[in-house]
Amino acid sequence: MTKPQAISVTKPVNEDLPKEKFDELGQFIDGLETTKGALIEILHKAQDIFGYLPRDVQLYVARKLGIPGAEVFGVVSFYSYFTTKPRGKHTISVCMGTACFVRGADKIAERLKEKLQIESNEITKDGLFTLRDVRCIGACGLAPVVMVDDKVYGRVKEEELDDIIGTYRNQEVKK
């Protein structure tokens, strides 16, 4: 029979993630009036702090809340807002809902993959962009729709993609 692994609630499994971030998350959780029903709120905060929700962060949350890791993973994997992989500074989402798809969203997505030299759910080499396919943005009247972070671009044409990408690249150069 194997011996159970001794795991500290406060010590991350992966030493690559900064302890300060775990401390910040722990303080947030400890500062809540109650953790009952607060899993999604805590995961939002964790993703704000770390930028994504790797396994170690999910396990840390589970241990702090005294719930199974599988329960945390179930929530993380169910909601498309949460990500288990690092993201670029800007997230480009291409709506693949019916209205957008019929109006050429698939071609827009393919063109973005070529221009950014990545596949969906990957990060560009410079760490600036993550490309995602999403089921529906909810702006069907503007199809096809591309969203960069929180900004919606409607009736997007392939020839506009350079300008859209350039806007965000230029922001980084000015900083």
# chains A, B, ... in the order shown; residues from 1 in each chain; ligands from 1
$ residues_around --residues "segment 150-157 of chain A" --least-positions-apart "3" --cutoff "12 Å" --atoms "only C-alpha atoms" --output "PyMOL selection string"
chain A and resi 90-95+99-101+103-109+111-112+137-147+160-165+167-168
$ select_by_dssp --residues "chain A" --states "strand (DSSP E)" --output "list in words"
His90, Thr91, Ile92, Ser93, Val94, Cys95, Phe129, Thr130, Leu131, Arg132, Asp133, Val134, Val146, Met147, Val148, Lys151, Val152 and Tyr153 of chain A
$ select_by_dssp --residues "segment 8-162 of chain A" --states "helix (DSSP H, G or I)" --output "NGL selection string"
:A and (19-31 or 39-50 or 55-65 or 69-78 or 98-102 or 105-116 or 140-142 or 158-162)
$ closest_atom_pairs --of "segment 36-101 of chain A" --to "segment 119-125 of chain A" --cutoff "9 Å" --atoms "only C-alpha atoms" --output "JSON lines"
{"residue": "A:Lys85", "atom": "CA", "partner": "A:Asn121", "partner_atom": "CA", "distance": 8.4}
{"residue": "A:Pro86", "atom": "CA", "partner": "A:Ile123", "partner_atom": "CA", "distance": 7.9}
{"residue": "A:Arg87", "atom": "CA", "partner": "A:Ile123", "partner_atom": "CA", "distance": 6.2}
{"residue": "A:Gly88", "atom": "CA", "partner": "A:Ile123", "partner_atom": "CA", "distance": 5.5}
$ residues_around --residues "segment 69-83 of chain A" --least-positions-apart "2" --cutoff "6 Å" --atoms "only C-alpha atoms" --output "tab-separated table (two decimals) with N, CA, C and O atoms, in the first residue's frame"
chain	number	residue	atom	x	y	z
A	52	TYR	N	-3.44	32.94	-15.11
A	52	TYR	CA	-4.04	31.69	-15.55
A	52	TYR	C	-4.17	30.79	-14.32
A	52	TYR	O	-3.75	31.19	-13.21
A	53	LEU	N	-4.75	29.62	-14.48
A	53	LEU	CA	-5.01	28.73	-13.34
A	53	LEU	C	-4.33	27.38	-13.55
A	53	LEU	O	-4.97	26.38	-13.89
A	59	LEU	N	-5.05	23.36	-7.01
A	59	LEU	CA	-4.89	22.55	-5.81
A	59	LEU	C	-4.79	23.42	-4.56
A	59	LEU	O	-5.34	23.07	-3.51
A	62	ALA	N	-8.25	24.48	-3.72
A	62	ALA	CA	-8.99	23.34	-3.16
A	62	ALA	C	-8.60	23.09	-1.71
A	62	ALA	O	-9.46	22.90	-0.85
A	85	LYS	N	-3.73	27.65	-19.12
A	85	LYS	CA	-2.47	27.95	-19.80
A	85	LYS	C	-2.25	29.46	-19.75
A	85	LYS	O	-3.20	30.24	-19.80
$ closest_residue --among "A:Val61, A:Cys136, A:Leu116, A:Leu131" --to "Gly166 of chain A" --atoms "only C-alpha atoms"
A:Leu116
$ atom_distance --atom1 "atom CA of Lys36 of chain A" --atom2 "atom CA of Gln58 of chain A"
16.6 Å
$ closest_residue --among "A:Arg135, A:Lys21, A:Lys113, A:Lys64" --to "Asp48 of chain A" --atoms "only C-alpha atoms"
A:Lys21
